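Below is the file work_19.txt, which contains compact mmCIF, C-alpha atoms and all ligand atoms.
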# COMPACT_ATOMS: atom_id res chain seq x y z
CA MET A 1 17.71 -3.78 -14.24
CA ARG A 2 17.36 -0.04 -13.68
CA VAL A 3 14.06 0.97 -12.09
CA ILE A 4 12.26 3.95 -10.57
CA VAL A 5 10.16 3.47 -7.44
CA CYS A 6 7.68 6.35 -6.97
CA GLY A 7 6.61 6.68 -3.33
CA ALA A 8 9.98 5.27 -2.22
CA ALA A 9 9.97 7.04 1.16
CA GLY A 10 6.62 5.55 2.17
CA PHE A 11 5.83 2.42 4.14
CA VAL A 12 5.44 -0.10 1.30
CA GLY A 13 7.71 1.75 -1.16
CA SER A 14 10.72 1.73 1.16
CA HIS A 15 10.41 -2.03 1.75
CA LEU A 16 10.13 -2.50 -2.01
CA CYS A 17 13.36 -0.53 -2.53
CA ASP A 18 15.09 -2.76 0.04
CA ARG A 19 13.95 -5.93 -1.71
CA LEU A 20 14.79 -4.76 -5.24
CA LEU A 21 18.25 -3.66 -4.09
CA ALA A 22 18.78 -6.98 -2.30
CA THR A 23 18.00 -8.83 -5.54
CA GLY A 24 20.42 -6.79 -7.66
CA TYR A 25 18.33 -3.95 -9.10
CA GLU A 26 19.57 -0.38 -9.51
CA VAL A 27 16.90 1.78 -7.87
CA THR A 28 16.02 5.46 -8.18
CA GLY A 29 13.59 6.42 -5.44
CA VAL A 30 11.27 9.38 -6.07
CA ASP A 31 9.07 10.90 -3.40
CA SER A 32 7.52 14.28 -2.56
CA LEU A 33 7.58 13.36 1.16
CA ILE A 34 3.94 14.43 1.52
CA THR A 35 3.32 11.40 3.76
CA GLY A 36 6.66 9.57 3.55
CA SER A 37 9.80 10.05 5.61
CA LEU A 38 13.42 9.96 4.46
CA GLN A 39 14.65 9.88 8.05
CA GLN A 40 12.46 6.98 9.17
CA ASN A 41 12.31 4.86 6.01
CA LEU A 42 15.30 5.50 3.76
CA ALA A 43 18.16 6.72 6.00
CA HIS A 44 19.71 3.22 5.90
CA LEU A 45 20.05 3.44 2.08
CA ARG A 46 21.83 6.81 2.03
CA ARG A 47 25.18 5.29 1.08
CA HIS A 48 23.94 2.35 -0.97
CA ALA A 49 25.90 2.19 -4.25
CA ARG A 50 22.83 1.25 -6.33
CA PHE A 51 20.33 3.66 -4.75
CA VAL A 52 19.63 7.30 -5.60
CA PHE A 53 16.87 9.48 -4.16
CA HIS A 54 15.09 12.46 -5.76
CA ARG A 55 12.64 14.61 -3.85
CA HIS A 56 9.98 15.31 -6.45
CA ASP A 57 6.20 15.53 -6.77
CA ILE A 58 5.34 13.24 -9.70
CA SER A 59 2.30 15.39 -10.51
CA GLN A 60 4.88 17.91 -11.81
CA PRO A 61 6.90 17.32 -15.03
CA TRP A 62 10.14 15.41 -14.60
CA SER A 63 12.85 13.98 -16.83
CA PHE A 64 15.19 11.09 -16.21
CA ALA A 65 18.53 10.58 -17.93
CA GLY A 66 19.66 7.26 -19.37
CA PRO A 67 18.05 3.88 -19.93
CA LEU A 68 15.22 2.62 -17.75
CA ASP A 69 13.68 -0.86 -17.44
CA ALA A 70 10.66 -0.25 -15.21
CA ILE A 71 8.66 2.27 -13.19
CA LEU A 72 6.86 1.01 -10.10
CA ASN A 73 4.32 3.60 -9.03
CA LEU A 74 3.35 3.52 -5.34
CA ALA A 75 3.05 7.27 -4.93
CA SER A 76 -0.18 8.10 -3.14
CA PRO A 77 -1.28 8.97 0.36
CA ALA A 78 -3.05 5.81 1.50
CA SER A 79 -4.60 6.08 4.94
CA PRO A 80 -8.19 7.08 5.75
CA ARG A 81 -6.92 10.23 7.49
CA ASP A 82 -5.24 11.26 4.23
CA PHE A 83 -8.52 10.77 2.35
CA ALA A 84 -9.98 13.57 4.47
CA ASN A 85 -6.98 15.93 4.46
CA LEU A 86 -5.29 15.43 1.07
CA GLN A 87 -8.19 14.90 -1.34
CA LEU A 88 -6.95 17.06 -4.19
CA ASP A 89 -3.36 15.80 -3.88
CA ILE A 90 -4.69 12.24 -4.08
CA LEU A 91 -6.75 12.95 -7.20
CA ARG A 92 -3.82 14.81 -8.79
CA VAL A 93 -1.29 12.03 -8.22
CA HIS A 94 -3.65 9.44 -9.71
CA SER A 95 -4.33 11.58 -12.78
CA GLN A 96 -1.51 14.03 -13.59
CA GLY A 97 1.12 12.03 -11.67
CA MET A 98 0.17 8.80 -13.41
CA TRP A 99 0.14 10.56 -16.77
CA ASN A 100 3.66 11.94 -16.22
CA MET A 101 5.08 8.58 -15.20
CA LEU A 102 3.30 6.67 -17.98
CA GLU A 103 4.71 9.13 -20.54
CA LEU A 104 8.18 8.59 -19.08
CA ALA A 105 7.71 4.79 -19.32
CA ARG A 106 6.57 5.15 -22.93
CA GLU A 107 9.54 7.39 -23.82
CA LYS A 108 11.98 4.87 -22.30
CA GLY A 109 10.22 1.70 -23.43
CA ALA A 110 10.01 0.74 -19.75
CA ARG A 111 7.53 -1.55 -18.00
CA PHE A 112 4.99 0.19 -15.72
CA LEU A 113 3.66 -1.35 -12.51
CA LEU A 114 0.78 0.34 -10.69
CA ALA A 115 0.17 -0.31 -7.00
CA SER A 116 -3.61 -0.20 -7.08
CA SER A 117 -5.85 -1.09 -4.17
CA SER A 118 -8.70 -3.25 -2.91
CA GLU A 119 -10.48 0.11 -2.50
CA ILE A 120 -11.42 -0.12 -6.19
CA TYR A 121 -13.99 -2.73 -5.03
CA GLY A 122 -15.61 -0.09 -2.77
CA MET A 123 -18.37 -1.45 -0.49
CA PRO A 124 -18.26 -4.97 -1.96
CA ASP A 125 -21.45 -6.91 -2.54
CA HIS A 126 -19.43 -9.96 -3.69
CA HIS A 127 -17.38 -11.93 -1.21
CA PRO A 128 -14.48 -12.70 -1.39
CA GLN A 129 -13.40 -10.19 -4.04
CA ALA A 130 -11.96 -11.69 -7.24
CA GLU A 131 -10.39 -9.51 -9.94
CA SER A 132 -13.46 -10.13 -12.15
CA TYR A 133 -15.67 -8.24 -9.64
CA HIS A 134 -16.19 -4.67 -10.85
CA GLY A 135 -16.87 -3.11 -7.46
CA ASN A 136 -19.48 -0.98 -5.79
CA VAL A 137 -18.08 2.52 -5.44
CA ASP A 138 -19.81 5.75 -4.43
CA PRO A 139 -18.32 8.42 -6.71
CA VAL A 140 -19.15 11.18 -4.23
CA GLY A 141 -18.43 9.26 -0.99
CA ASP A 142 -15.86 10.14 1.69
CA ARG A 143 -13.26 7.88 0.07
CA SER A 144 -14.02 8.72 -3.54
CA CYS A 145 -10.80 10.72 -4.04
CA TYR A 146 -8.90 7.50 -3.36
CA ASN A 147 -11.06 4.71 -4.77
CA GLU A 148 -12.07 6.65 -7.89
CA GLY A 149 -8.46 7.83 -8.19
CA LYS A 150 -7.25 4.23 -8.24
CA ARG A 151 -9.97 3.24 -10.71
CA PHE A 152 -8.95 6.07 -13.04
CA ALA A 153 -5.28 5.08 -12.65
CA GLU A 154 -6.10 1.50 -13.68
CA ALA A 155 -8.07 2.79 -16.69
CA LEU A 156 -5.15 5.01 -17.70
CA VAL A 157 -2.66 2.16 -17.45
CA MET A 158 -4.91 -0.02 -19.62
CA ALA A 159 -5.29 2.80 -22.18
CA TYR A 160 -1.48 3.07 -22.50
CA HIS A 161 -1.29 -0.70 -22.86
CA ARG A 162 -3.99 -0.89 -25.54
CA GLN A 163 -3.09 2.27 -27.45
CA TYR A 164 0.74 2.20 -27.25
CA GLY A 165 1.48 -1.43 -26.38
CA LEU A 166 3.11 -0.35 -23.09
CA SER A 167 4.17 -3.29 -20.91
CA ILE A 168 2.02 -2.96 -17.77
CA ARG A 169 1.32 -4.67 -14.44
CA ILE A 170 -1.53 -3.89 -12.02
CA ALA A 171 -1.31 -5.05 -8.39
CA ARG A 172 -4.47 -4.65 -6.30
CA LEU A 173 -3.05 -4.51 -2.79
CA PHE A 174 -5.25 -5.36 0.19
CA ASN A 175 -4.47 -4.12 3.72
CA THR A 176 -0.76 -4.41 4.37
CA TYR A 177 0.90 -3.90 7.75
CA GLY A 178 4.37 -4.00 9.26
CA PRO A 179 7.29 -1.86 10.44
CA ARG A 180 7.44 1.71 9.01
CA MET A 181 3.66 2.26 9.04
CA ARG A 182 2.96 5.73 10.37
CA LEU A 183 2.08 5.38 14.05
CA ASN A 184 -0.74 7.95 13.85
CA ASP A 185 -2.22 7.23 10.44
CA GLY A 186 -5.54 5.98 11.82
CA ARG A 187 -5.40 2.42 10.44
CA ALA A 188 -6.43 -0.50 12.66
CA ILE A 189 -3.00 -2.08 13.16
CA PRO A 190 -1.09 1.01 14.38
CA ASN A 191 -4.14 2.07 16.41
CA PHE A 192 -4.45 -1.30 18.15
CA ILE A 193 -0.75 -2.03 18.63
CA GLY A 194 -0.08 1.55 19.79
CA GLY A 195 -2.98 1.35 22.27
CA ALA A 196 -1.88 -2.06 23.56
CA LEU A 197 1.75 -0.89 24.04
CA ARG A 198 0.51 2.13 26.02
CA GLY A 199 -1.75 -0.14 28.11
CA GLU A 200 -4.95 1.60 26.96
CA PRO A 201 -8.34 0.07 26.03
CA LEU A 202 -8.48 -0.52 22.27
CA VAL A 203 -11.09 1.64 20.54
CA LEU A 204 -13.50 -0.15 18.19
CA TYR A 205 -15.55 1.65 15.55
CA GLY A 206 -19.17 0.46 15.48
CA ASP A 207 -19.67 -3.02 16.93
CA GLY A 208 -16.33 -4.30 15.59
CA THR A 209 -17.87 -6.89 13.25
CA GLN A 210 -16.42 -5.20 10.12
CA THR A 211 -13.60 -7.30 8.68
CA ARG A 212 -10.18 -6.82 7.07
CA SER A 213 -7.63 -9.23 5.66
CA LEU A 214 -4.13 -8.31 6.77
CA CYS A 215 -1.01 -9.07 4.81
CA TYR A 216 2.46 -8.70 6.29
CA VAL A 217 4.60 -6.31 4.27
CA SER A 218 7.29 -8.86 3.26
CA ASP A 219 4.55 -11.00 1.65
CA THR A 220 3.12 -7.99 -0.22
CA ILE A 221 6.57 -6.99 -1.48
CA ARG A 222 7.39 -10.50 -2.65
CA GLY A 223 4.08 -10.51 -4.57
CA LEU A 224 4.91 -7.16 -6.19
CA GLN A 225 8.30 -8.35 -7.37
CA LEU A 226 6.89 -11.62 -8.72
CA LEU A 227 4.24 -9.66 -10.61
CA LEU A 228 6.82 -7.22 -12.00
CA GLU A 229 8.87 -10.13 -13.31
CA SER A 230 5.88 -12.11 -14.66
CA ASP A 231 4.00 -11.91 -17.97
CA GLU A 232 0.64 -11.17 -16.31
CA THR A 233 -0.99 -7.99 -17.66
CA ARG A 234 -4.38 -8.48 -15.97
CA PRO A 235 -4.93 -7.01 -12.47
CA VAL A 236 -3.77 -9.31 -9.67
CA ASN A 237 -5.02 -9.25 -6.05
CA ILE A 238 -2.17 -9.29 -3.54
CA GLY A 239 -3.52 -9.82 -0.04
CA ASN A 240 -3.95 -12.30 2.77
CA PRO A 241 -7.28 -14.14 2.53
CA HIS A 242 -7.42 -14.78 6.28
CA GLU A 243 -10.29 -12.51 7.32
CA TRP A 244 -10.41 -10.92 10.78
CA SER A 245 -13.23 -8.96 12.41
CA MET A 246 -11.91 -5.84 14.12
CA LEU A 247 -13.25 -7.20 17.40
CA ASN A 248 -11.30 -10.46 17.09
CA LEU A 249 -8.21 -8.58 15.91
CA ALA A 250 -8.29 -6.21 18.90
CA GLU A 251 -8.72 -9.11 21.32
CA PHE A 252 -5.90 -11.02 19.62
CA ILE A 253 -3.53 -8.05 19.85
CA ASN A 254 -4.36 -7.43 23.51
CA ASP A 255 -3.65 -11.09 24.14
CA GLN A 256 -0.37 -11.15 22.20
CA LEU A 257 0.96 -7.97 23.81
CA GLY A 258 -0.34 -8.67 27.33
CA ASN A 259 -2.66 -5.64 27.49
CA ALA A 260 -5.26 -6.10 30.23
CA ALA A 261 -7.05 -2.79 29.54
CA GLY A 262 -9.66 -4.43 27.28
CA LEU A 263 -11.78 -2.78 24.60
CA CYS A 264 -13.72 0.44 24.30
CA TYR A 265 -16.95 0.82 22.26
CA GLY A 266 -18.91 3.91 21.27
CA SER A 267 -17.01 5.36 18.30
CA PRO A 268 -19.23 5.52 15.21
CA LEU A 269 -18.32 3.54 12.09
CA HIS A 270 -17.29 5.82 9.22
CA GLN A 271 -20.03 6.05 6.58
CA ASP A 272 -17.92 4.78 3.66
CA ASP A 273 -15.88 2.24 5.66
CA PRO A 274 -16.21 -1.12 3.83
CA ARG A 275 -17.91 -3.74 6.04
CA ARG A 276 -16.01 -6.74 4.64
CA ARG A 277 -12.75 -7.23 2.77
CA LYS A 278 -11.19 -10.49 1.67
CA PRO A 279 -9.14 -11.15 -1.46
CA ASP A 280 -9.66 -14.08 -3.76
CA ILE A 281 -6.01 -14.85 -4.57
CA ALA A 282 -6.53 -17.70 -7.05
CA ARG A 283 -4.99 -15.64 -9.87
CA ALA A 284 -1.86 -14.76 -7.86
CA GLN A 285 -1.48 -18.41 -6.85
CA ALA A 286 -1.91 -19.69 -10.41
CA THR A 287 0.13 -17.11 -12.34
CA LEU A 288 2.76 -16.01 -9.80
CA GLY A 289 2.92 -19.05 -7.53
CA TRP A 290 2.37 -16.50 -4.72
CA GLN A 291 0.56 -16.75 -1.44
CA PRO A 292 1.19 -15.13 1.94
CA GLU A 293 3.49 -16.92 4.37
CA VAL A 294 3.70 -14.78 7.52
CA GLU A 295 1.21 -15.68 10.27
CA LEU A 296 -0.56 -12.81 12.02
CA ALA A 297 1.02 -13.60 15.42
CA GLN A 298 4.53 -13.32 13.94
CA GLY A 299 3.71 -10.19 11.95
CA ILE A 300 2.17 -8.51 15.00
CA ALA A 301 5.25 -9.34 17.09
CA TRP A 302 7.64 -7.85 14.48
CA THR A 303 5.46 -4.75 14.02
CA ALA A 304 5.06 -4.24 17.79
CA ASN A 305 8.86 -4.47 18.28
CA TRP A 306 9.37 -1.78 15.69
CA MET A 307 6.60 0.44 17.07
CA ARG A 308 8.00 0.07 20.59
CA SER A 309 11.42 1.27 19.40
CA GLN A 310 9.85 4.24 17.58
CA MET A 311 7.85 5.20 20.67
CA GLN A 312 11.02 5.03 22.79
CA LYS A 313 12.89 7.26 20.32
CA THR A 314 10.05 9.82 20.42
CA ALA A 315 10.00 9.73 24.22
CA CYS A 316 13.81 10.20 24.42
CA ALA A 317 13.68 13.08 21.93
CA ALA A 318 11.08 14.82 24.11
CA VAL A 319 13.27 14.70 27.26
P1 LIG B 401 2.56 5.82 2.32
O1 LIG B 401 1.78 7.07 2.52
O2 LIG B 401 3.40 5.33 3.43
O3 LIG B 401 3.48 5.92 1.03
C1 LIG B 401 3.12 6.66 -0.10
C2 LIG B 401 4.32 7.47 -0.53
O4 LIG B 401 4.00 8.20 -1.72
C3 LIG B 401 4.73 8.51 0.52
O5 LIG B 401 6.11 8.41 0.78
C4 LIG B 401 4.37 9.84 -0.12
O6 LIG B 401 5.20 10.90 0.32
C5 LIG B 401 4.53 9.51 -1.59
N1 LIG B 401 3.78 10.40 -2.48
C6 LIG B 401 2.47 10.72 -2.39
N2 LIG B 401 2.13 11.59 -3.37
C7 LIG B 401 3.26 11.78 -4.11
C8 LIG B 401 3.55 12.55 -5.26
N3 LIG B 401 2.62 13.33 -5.85
N4 LIG B 401 4.81 12.51 -5.77
C9 LIG B 401 5.75 11.75 -5.17
N5 LIG B 401 5.53 11.01 -4.06
C10 LIG B 401 4.30 11.02 -3.54
O7 LIG B 401 1.49 4.70 1.88
P2 LIG B 401 1.70 3.13 1.71
O8 LIG B 401 0.82 2.48 2.69
O9 LIG B 401 3.13 2.79 1.66
O10 LIG B 401 1.07 2.90 0.26
C11 LIG B 401 1.89 2.80 -0.90
C12 LIG B 401 1.04 2.50 -2.12
O11 LIG B 401 0.37 1.25 -1.95
C13 LIG B 401 -0.04 3.55 -2.36
O12 LIG B 401 -0.18 3.76 -3.75
C14 LIG B 401 -1.28 2.89 -1.82
O13 LIG B 401 -2.44 3.36 -2.48
C15 LIG B 401 -1.02 1.42 -2.12
N6 LIG B 401 -1.75 0.54 -1.18
C16 LIG B 401 -1.34 0.42 0.12
C17 LIG B 401 -2.06 -0.40 0.99
C18 LIG B 401 -1.64 -0.57 2.43
O14 LIG B 401 -2.31 -1.31 3.15
N7 LIG B 401 -0.56 0.03 2.90
C19 LIG B 401 -3.19 -1.08 0.53
C20 LIG B 401 -3.58 -0.90 -0.79
C21 LIG B 401 -2.84 -0.11 -1.65
Take the structure from the file and write it as structure tokens.
Amino acid sequence: MRVIVCGAAGFVGSHLCDRLLATGYEVTGVDSLITGSLQQNLAHLRRHARFVFHRHDISQPWSFAGPLDAILNLASPASPRDFANLQLDILRVHSQGMWNMLELAREKGARFLLASSSEIYGMPDHHPQAESYHGNVDPVGDRSCYNEGKRFAEALVMAYHRQYGLSIRIARLFNTYGPRMRLNDGRAIPNFIGGALRGEPLVLYGDGTQTRSLCYVSDTIRGLQLLLESDETRPVNIGNPHEWSMLNLAEFINDQLGNAAGLCYGSPLHQDDPRRRKPDIARAQATLGWQPEVELAQGIAWTANWMRSQMQKTACAAV
């Protein structure tokens, strides 16, 4: 199987390349490096016989020589900080970038998998969120570039499926964490683990009662591959249904990493920040036989080990 992974130098995309290569695929990684890193995430694949990398912005035209079995599109900045700084890039990659890659899939007769997001559910008024829930999204909110971008991307994928019979897959990923996350991207896990490793109080937004469901990256990647190889053309939630309040998560991380500095309140909750998030994964269980396996304590330990080594490298480089 010969596949293209767009967003290959990112956090999730690089793990996906590793897994596809480990299971025999030939992988072409494409990435503009707008938020990804070759050095951090793909250096270990430089000499891999079945891996090729192209630096390219998929919002620009691109051609690919030879046969192709699938395109897996993960290209998009994905952290709340990016939603503020890269709004137009995010909208472009979900419109023009998607269009370019869908046309390439159509030309090659390749399958197309979109990494969509739980953000399409917006500020959910249904709990937990099943794929049948249509969401509650503010089209002019702080996150609209991302959640409306993903909604448009899903609509575009469906249009190619209905109009051209393109083989498609839509994964709605919920919060994923693990090694290779950017240390400063503003998401809860790198914030909390980074703070705990530095021995600082962990900063909570609002009162900390807002929740997230956190899936370790190896579980997410396994779900993506199962979906790619399945016959399921409806959207599928991929996430861990174990729901954590940010307060409980911060306390848990302090406990796990032996940080006695406690917590720090007083930072306002962002206006568009969803209050609750929890996937209903019945469809993934029934059609893919998938459910998460990695417990939070284990995932936190693996992620903290990796973050510690990155922080040491940065400190050494500064000497
Ligand atoms: P990331 O920022 O680490 O990776 C995204 C990659 O896409 C980066 O390497 C970036 O350089 C690349 N990219 C962005 N725009 C591009 C363009 N125009 N052309 C080529 N490459 C481009 O983010 P991530 O956390 O790994 O997320 C990967 C995908 O999964 C995204 O589509 C994201 O929306 C989706 N997702 C992630 C999560 C999560 O918790 N990490 C949750 C839901 C959905």
Next item on the list: Quote the spacing between CA of Tyr146 in chain A and CA of Ile90 in chain A in Å to one decimal place.
Entry: 6.4 Å
Next item on the list: Quick one: everything within 9 Å of Phe174 in chain A, counting all atoms listed in the file, minus sequence neighbours fewer than 5 positions away in the same chain. Send it as a count of residues only.
Entry: 15
Just want the residues within 7 Å of ligand LIG 401 (chain B), written as a JSON list (two decimals) with C-alpha atoms, keeping the file's coordinate frame, counting only C-alpha atoms and all ligand atoms.
[["chain", "number", "residue", "atom", "x", "y", "z"],
["A", 6, "CYS", "CA", 7.68, 6.35, -6.97],
["A", 7, "GLY", "CA", 6.61, 6.68, -3.33],
["A", 8, "ALA", "CA", 9.98, 5.27, -2.22],
["A", 9, "ALA", "CA", 9.97, 7.04, 1.16],
["A", 10, "GLY", "CA", 6.62, 5.55, 2.17],
["A", 11, "PHE", "CA", 5.83, 2.42, 4.14],
["A", 12, "VAL", "CA", 5.44, -0.10, 1.30],
["A", 13, "GLY", "CA", 7.71, 1.75, -1.16],
["A", 30, "VAL", "CA", 11.27, 9.38, -6.07],
["A", 31, "ASP", "CA", 9.07, 10.90, -3.40],
["A", 32, "SER", "CA", 7.52, 14.28, -2.56],
["A", 33, "LEU", "CA", 7.58, 13.36, 1.16],
["A", 34, "ILE", "CA", 3.94, 14.43, 1.52],
["A", 35, "THR", "CA", 3.32, 11.40, 3.76],
["A", 36, "GLY", "CA", 6.66, 9.57, 3.55],
["A", 37, "SER", "CA", 9.80, 10.05, 5.61],
["A", 56, "HIS", "CA", 9.98, 15.31, -6.45],
["A", 57, "ASP", "CA", 6.20, 15.53, -6.77],
["A", 58, "ILE", "CA", 5.34, 13.24, -9.70],
["A", 59, "SER", "CA", 2.30, 15.39, -10.51],
["A", 73, "ASN", "CA", 4.32, 3.60, -9.03],
["A", 74, "LEU", "CA", 3.35, 3.52, -5.34],
["A", 75, "ALA", "CA", 3.05, 7.27, -4.93],
["A", 76, "SER", "CA", -0.18, 8.10, -3.14],
["A", 77, "PRO", "CA", -1.28, 8.97, 0.36],
["A", 78, "ALA", "CA", -3.05, 5.81, 1.50],
["A", 79, "SER", "CA", -4.60, 6.08, 4.94],
["A", 89, "ASP", "CA", -3.36, 15.80, -3.88],
["A", 90, "ILE", "CA", -4.69, 12.24, -4.08],
["A", 93, "VAL", "CA", -1.29, 12.03, -8.22],
["A", 97, "GLY", "CA", 1.12, 12.03, -11.67],
["A", 115, "ALA", "CA", 0.17, -0.31, -7.00],
["A", 116, "SER", "CA", -3.61, -0.20, -7.08],
["A", 117, "SER", "CA", -5.85, -1.09, -4.17],
["A", 118, "SER", "CA", -8.70, -3.25, -2.91],
["A", 172, "ARG", "CA", -4.47, -4.65, -6.30],
["A", 173, "LEU", "CA", -3.05, -4.51, -2.79],
["A", 174, "PHE", "CA", -5.25, -5.36, 0.19],
["A", 175, "ASN", "CA", -4.47, -4.12, 3.72],
["A", 176, "THR", "CA", -0.76, -4.41, 4.37],
["A", 177, "TYR", "CA", 0.90, -3.90, 7.75],
["A", 181, "MET", "CA", 3.66, 2.26, 9.04],
["A", 182, "ARG", "CA", 2.96, 5.73, 10.37]]
Check: Hey, which of A:Leu288, A:Ile120, A:Ile253, A:Cys316 ends up closest to Ala304 in chain A? Count only C-alpha atoms.
Finding: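 Closest to Ala304 in chain A, using only C-alpha atoms: A:Ile253.
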Check: Using only C-alpha atoms, which of the listed residues (A:Asn147, A:Thr314, A:Ser132, A:Thr209) sits closest to His94 in chain A?
Finding: A:Asn147
Pick out the residues sitting within 12 Å of range 305-313 of chain A, and hand them over as a PDB file with C-alpha atoms, keeping the file's coordinate frame; count all atoms listed in the file, and ignore anything fewer than 4 positions along from it in its own chain.
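Written file, around23.pdb:
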ATOM      1  CA  GLN A  40      12.460   6.980   9.170  1.00  0.00           C
ATOM      2  CA  ASN A  41      12.310   4.860   6.010  1.00  0.00           C
ATOM      3  CA  TYR A 177       0.900  -3.900   7.750  1.00  0.00           C
ATOM      4  CA  GLY A 178       4.370  -4.000   9.260  1.00  0.00           C
ATOM      5  CA  PRO A 179       7.290  -1.860  10.440  1.00  0.00           C
ATOM      6  CA  ARG A 180       7.440   1.710   9.010  1.00  0.00           C
ATOM      7  CA  MET A 181       3.660   2.260   9.040  1.00  0.00           C
ATOM      8  CA  ARG A 182       2.960   5.730  10.370  1.00  0.00           C
ATOM      9  CA  LEU A 183       2.080   5.380  14.050  1.00  0.00           C
ATOM     10  CA  ASN A 184      -0.740   7.950  13.850  1.00  0.00           C
ATOM     11  CA  ILE A 189      -3.000  -2.080  13.160  1.00  0.00           C
ATOM     12  CA  PRO A 190      -1.090   1.010  14.380  1.00  0.00           C
ATOM     13  CA  ASN A 191      -4.140   2.070  16.410  1.00  0.00           C
ATOM     14  CA  PHE A 192      -4.450  -1.300  18.150  1.00  0.00           C
ATOM     15  CA  ILE A 193      -0.750  -2.030  18.630  1.00  0.00           C
ATOM     16  CA  GLY A 194      -0.080   1.550  19.790  1.00  0.00           C
ATOM     17  CA  GLY A 195      -2.980   1.350  22.270  1.00  0.00           C
ATOM     18  CA  ALA A 196      -1.880  -2.060  23.560  1.00  0.00           C
ATOM     19  CA  LEU A 197       1.750  -0.890  24.040  1.00  0.00           C
ATOM     20  CA  ARG A 198       0.510   2.130  26.020  1.00  0.00           C
ATOM     21  CA  LEU A 257       0.960  -7.970  23.810  1.00  0.00           C
ATOM     22  CA  GLN A 298       4.530 -13.320  13.940  1.00  0.00           C
ATOM     23  CA  GLY A 299       3.710 -10.190  11.950  1.00  0.00           C
ATOM     24  CA  ILE A 300       2.170  -8.510  15.000  1.00  0.00           C
ATOM     25  CA  ALA A 301       5.250  -9.340  17.090  1.00  0.00           C
ATOM     26  CA  ALA A 317      13.680  13.080  21.930  1.00  0.00           C
ATOM     27  CA  ALA A 318      11.080  14.820  24.110  1.00  0.00           C
ATOM     28  CA  VAL A 319      13.270  14.700  27.260  1.00  0.00           C
TER      29      VAL A 319
END
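The space separating CA of Arg234 in chain A from CA of Asn100 in chain A comes to 21.9 Å.
Using only C-alpha atoms, the smallest distance between any of A:Arg151, A:Arg222, A:Arg81, A:His44 and Arg187 in chain A comes from A:Arg81.
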Next item on the list: Between A:Ala297, A:Ala22, A:Ile170, A:Leu72, single out the one closest to Asp231 in chain A, counting all atoms listed in the file.
Entry: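 Checking each of A:Ala297, A:Ala22, A:Ile170, A:Leu72 against Asp231 in chain A, counting all atoms listed in the file, the winner is A:Ile170.
Across the structure, CA of Ser144 in chain A and CA of Asn248 in chain A are spaced 28.3 Å apart.
When all atoms listed in the file are used to measure the gap to Glu26 in chain A, the shortest distance among A:Leu227, A:Ile281, A:Leu38, A:Val52 belongs to A:Val52.
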Notebook entry, point to check: Hey, which of A:Arg143, A:His161, A:Lys108, A:Arg46 ends up closest to Met123 in chain A? Count all atoms listed in the file.
Noted result: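 Closest candidate: A:Arg143.
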Next item on the list: Name the residues in contact with range 260-276 of chain A at a cut-off of 10 Å, using all atoms listed in the file, excluding same-chain residues fewer than 5 positions from it; report them as a PyMOL selection string.
Entry: chain A and resi 80+119+121-129+137-138+141-144+192+195-196+198-213+243-245+247+250-251+254-255
